[in-house]
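A.B. asks: This is the content of target.pdb (PDB, C-alpha atoms):
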```
ATOM      1  CA  MET A 975     110.410 320.963 121.820  1.00  0.00           C
ATOM      2  CA  CYS A 976     112.699 323.823 120.870  1.00  0.00           C
ATOM      3  CA  MET A 977     116.335 322.810 120.922  1.00  0.00           C
ATOM      4  CA  CYS A 978     119.360 324.278 119.227  1.00  0.00           C
ATOM      5  CA  ASN A 979     121.447 322.216 116.808  1.00  0.00           C
ATOM      6  CA  LYS A 980     124.137 321.627 119.432  1.00  0.00           C
ATOM      7  CA  CYS A 981     121.646 320.106 121.879  1.00  0.00           C
ATOM      8  CA  TRP A 982     120.003 318.005 119.142  1.00  0.00           C
ATOM      9  CA  THR A 983     123.459 316.660 118.238  1.00  0.00           C
ATOM     10  CA  ILE A 984     124.339 315.818 121.839  1.00  0.00           C
ATOM     11  CA  GLY A 985     120.973 314.095 122.335  1.00  0.00           C
ATOM     12  CA  GLY A 986     121.394 312.148 119.113  1.00  0.00           C
ATOM     13  CA  VAL A 987     124.870 311.001 120.093  1.00  0.00           C
ATOM     14  CA  LEU A 988     123.632 309.851 123.519  1.00  0.00           C
ATOM     15  CA  ILE A 989     120.741 307.899 121.955  1.00  0.00           C
ATOM     16  CA  GLY A 990     123.116 306.410 119.367  1.00  0.00           C
ATOM     17  CA  LEU A 991     125.626 305.299 121.994  1.00  0.00           C
ATOM     18  CA  ALA A 992     122.867 303.740 124.086  1.00  0.00           C
ATOM     19  CA  GLY A 993     121.569 301.946 120.995  1.00  0.00           C
ATOM     20  CA  ILE A 994     124.998 300.567 120.174  1.00  0.00           C
ATOM     21  CA  ALA A 995     125.487 299.438 123.786  1.00  0.00           C
ATOM     22  CA  PHE A 996     122.162 297.583 123.778  1.00  0.00           C
ATOM     23  CA  LEU A 997     122.923 296.052 120.381  1.00  0.00           C
ATOM     24  CA  LEU A 998     126.227 294.744 121.734  1.00  0.00           C
ATOM     25  CA  GLN A 999     124.407 293.386 124.769  1.00  0.00           C
ATOM     26  CA  ASP A1000     121.840 291.628 122.539  1.00  0.00           C
ATOM     27  CA  LEU A1001     124.645 290.105 120.480  1.00  0.00           C
ATOM     28  CA  GLY A1002     126.333 288.834 123.646  1.00  0.00           C
ATOM     29  CA  LYS A1003     129.480 290.883 123.048  1.00  0.00           C
ATOM     30  CA  TRP A1004     129.168 293.122 126.095  1.00  0.00           C
ATOM     31  CA  ALA A1005     127.217 292.636 129.291  1.00  0.00           C
ATOM     32  CA  PHE A1006     126.680 295.761 131.345  1.00  0.00           C
ATOM     33  CA  TRP A1007     124.776 296.625 134.520  1.00  0.00           C
ATOM     34  CA  GLY A1008     121.600 294.794 133.557  1.00  0.00           C
ATOM     35  CA  LEU A1009     119.690 298.013 132.820  1.00  0.00           C
ATOM     36  CA  ASN A1010     116.503 297.992 130.776  1.00  0.00           C
ATOM     37  CA  TRP A1011     116.341 300.074 127.613  1.00  0.00           C
ATOM     38  CA  TYR A1012     113.514 302.217 128.947  1.00  0.00           C
ATOM     39  CA  THR A1013     115.494 303.115 132.081  1.00  0.00           C
ATOM     40  CA  VAL A1014     118.357 304.358 129.925  1.00  0.00           C
ATOM     41  CA  LEU A1015     115.885 306.240 127.714  1.00  0.00           C
ATOM     42  CA  PHE A1016     114.399 308.033 130.733  1.00  0.00           C
ATOM     43  CA  ILE A1017     117.875 308.966 131.978  1.00  0.00           C
ATOM     44  CA  ILE A1018     118.901 310.309 128.558  1.00  0.00           C
ATOM     45  CA  SER A1019     115.625 312.247 128.299  1.00  0.00           C
ATOM     46  CA  ALA A1020     116.219 313.797 131.704  1.00  0.00           C
ATOM     47  CA  LEU A1021     119.775 314.754 130.743  1.00  0.00           C
ATOM     48  CA  CYS A1022     118.542 316.355 127.522  1.00  0.00           C
ATOM     49  CA  CYS A1023     115.853 318.315 129.366  1.00  0.00           C
ATOM     50  CA  LEU A1024     118.351 319.533 131.946  1.00  0.00           C
ATOM     51  CA  GLY A1025     120.841 320.443 129.245  1.00  0.00           C
ATOM     52  CA  THR A1026     118.364 322.434 127.163  1.00  0.00           C
ATOM     53  CA  SER A1027     117.083 324.250 130.236  1.00  0.00           C
ATOM     54  CA  MET A1028     120.612 325.594 130.825  1.00  0.00           C
ATOM     55  CA  CYS A1029     121.546 326.257 127.198  1.00  0.00           C
ATOM     56  CA  LYS A1030     121.405 329.933 126.231  1.00  0.00           C
ATOM     57  CA  ASP A1031     120.743 329.109 122.559  1.00  0.00           C
ATOM     58  CA  CYS A1032     117.770 326.906 123.457  1.00  0.00           C
ATOM     59  CA  LYS A1033     116.423 329.611 125.768  1.00  0.00           C
ATOM     60  CA  ALA A1034     116.661 332.126 122.924  1.00  0.00           C
ATOM     61  CA  LEU A1035     114.726 329.776 120.616  1.00  0.00           C
ATOM     62  CA  ARG A1036     111.958 329.342 123.180  1.00  0.00           C
ATOM     63  CA  SER A1037     111.636 333.076 123.820  1.00  0.00           C
ATOM     64  CA  CYS A1038     110.971 333.769 120.112  1.00  0.00           C
ATOM     65  CA  LYS A1039     107.668 331.912 120.105  1.00  0.00           C
TER
END
```
Translate the structure described by the file into structure tokens.

C.D. replies:
Amino acid sequence: MCMCNKCWTIGGVLIGLAGIAFLLQDLGKWAFWGLNWYTVLFIISALCCLGTSMCKDCKALRSCK
């Protein structure tokens, strides 16, 4: 997958925040919505795909190959 540094950073931050939220849920510090980890992963993946499809830098990277 060709993504620019900005999109990689945004994706990494989203995955990190989801990981922290699930860690807090596992530790019993924060209960939220009752979502499974794989549901959140699919949503984050979809957001990343949508974001990179609209990013001009990512489009430029894909056109070079």

A.B. asks: Would you list the contacts of segment 1005-1021 of chain A as number ranges by chain, taking every protein, DNA or RNA residue within 12 Å and counting all atoms listed in the file, but skipping same-chain residues closer than 5 positions in sequence?

C.D. replies: A: 981-982, 984-1000, 1026-1028

A.B. asks: Those residues you just picked out, can you put them in a file as a short mmCIF file (atom, residue, chain, number, x, y, z; two decimals), in the coordinates of the input with C-alpha atoms?

C.D. replies:
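Once written, part_10.cif looks like this:
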```
data_model
loop_
_atom_site.label_atom_id
_atom_site.label_comp_id
_atom_site.auth_asym_id
_atom_site.auth_seq_id
_atom_site.Cartn_x
_atom_site.Cartn_y
_atom_site.Cartn_z
CA CYS A 981 121.65 320.11 121.88
CA TRP A 982 120.00 318.00 119.14
CA ILE A 984 124.34 315.82 121.84
CA GLY A 985 120.97 314.10 122.34
CA GLY A 986 121.39 312.15 119.11
CA VAL A 987 124.87 311.00 120.09
CA LEU A 988 123.63 309.85 123.52
CA ILE A 989 120.74 307.90 121.96
CA GLY A 990 123.12 306.41 119.37
CA LEU A 991 125.63 305.30 121.99
CA ALA A 992 122.87 303.74 124.09
CA GLY A 993 121.57 301.95 121.00
CA ILE A 994 125.00 300.57 120.17
CA ALA A 995 125.49 299.44 123.79
CA PHE A 996 122.16 297.58 123.78
CA LEU A 997 122.92 296.05 120.38
CA LEU A 998 126.23 294.74 121.73
CA GLN A 999 124.41 293.39 124.77
CA ASP A 1000 121.84 291.63 122.54
CA THR A 1026 118.36 322.43 127.16
CA SER A 1027 117.08 324.25 130.24
CA MET A 1028 120.61 325.59 130.82
#
```

A.B. asks: I'd like the box whose edges run along x, y and z of the file and which contains every listed atom of segment 1001-1016 of chain A, padded by 3 Å per side; could you state its centre and edge lengths in Å, one decimal, as JSON?

C.D. replies:
```
{"center_x": 121.5, "center_y": 298.4, "center_z": 127.5, "size_x": 22.0, "size_y": 25.2, "size_z": 20.0}
```

A.B. asks: Please, what distance in Å, to one decimal, runs between atom CA of Leu1035 of chain A and atom CA of Cys978 of chain A?

C.D. replies: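 Atom CA of Leu1035 of chain A sits 7.3 Å away from atom CA of Cys978 of chain A.
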
A.B. asks: Give me, please, the distance in Å between atom CA of Asn979 of chain A and atom CA of Cys1023 of chain A, quoted to one decimal.

C.D. replies: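 Computed distance, atom CA of Asn979 of chain A to atom CA of Cys1023 of chain A, equals 14.3 Å.
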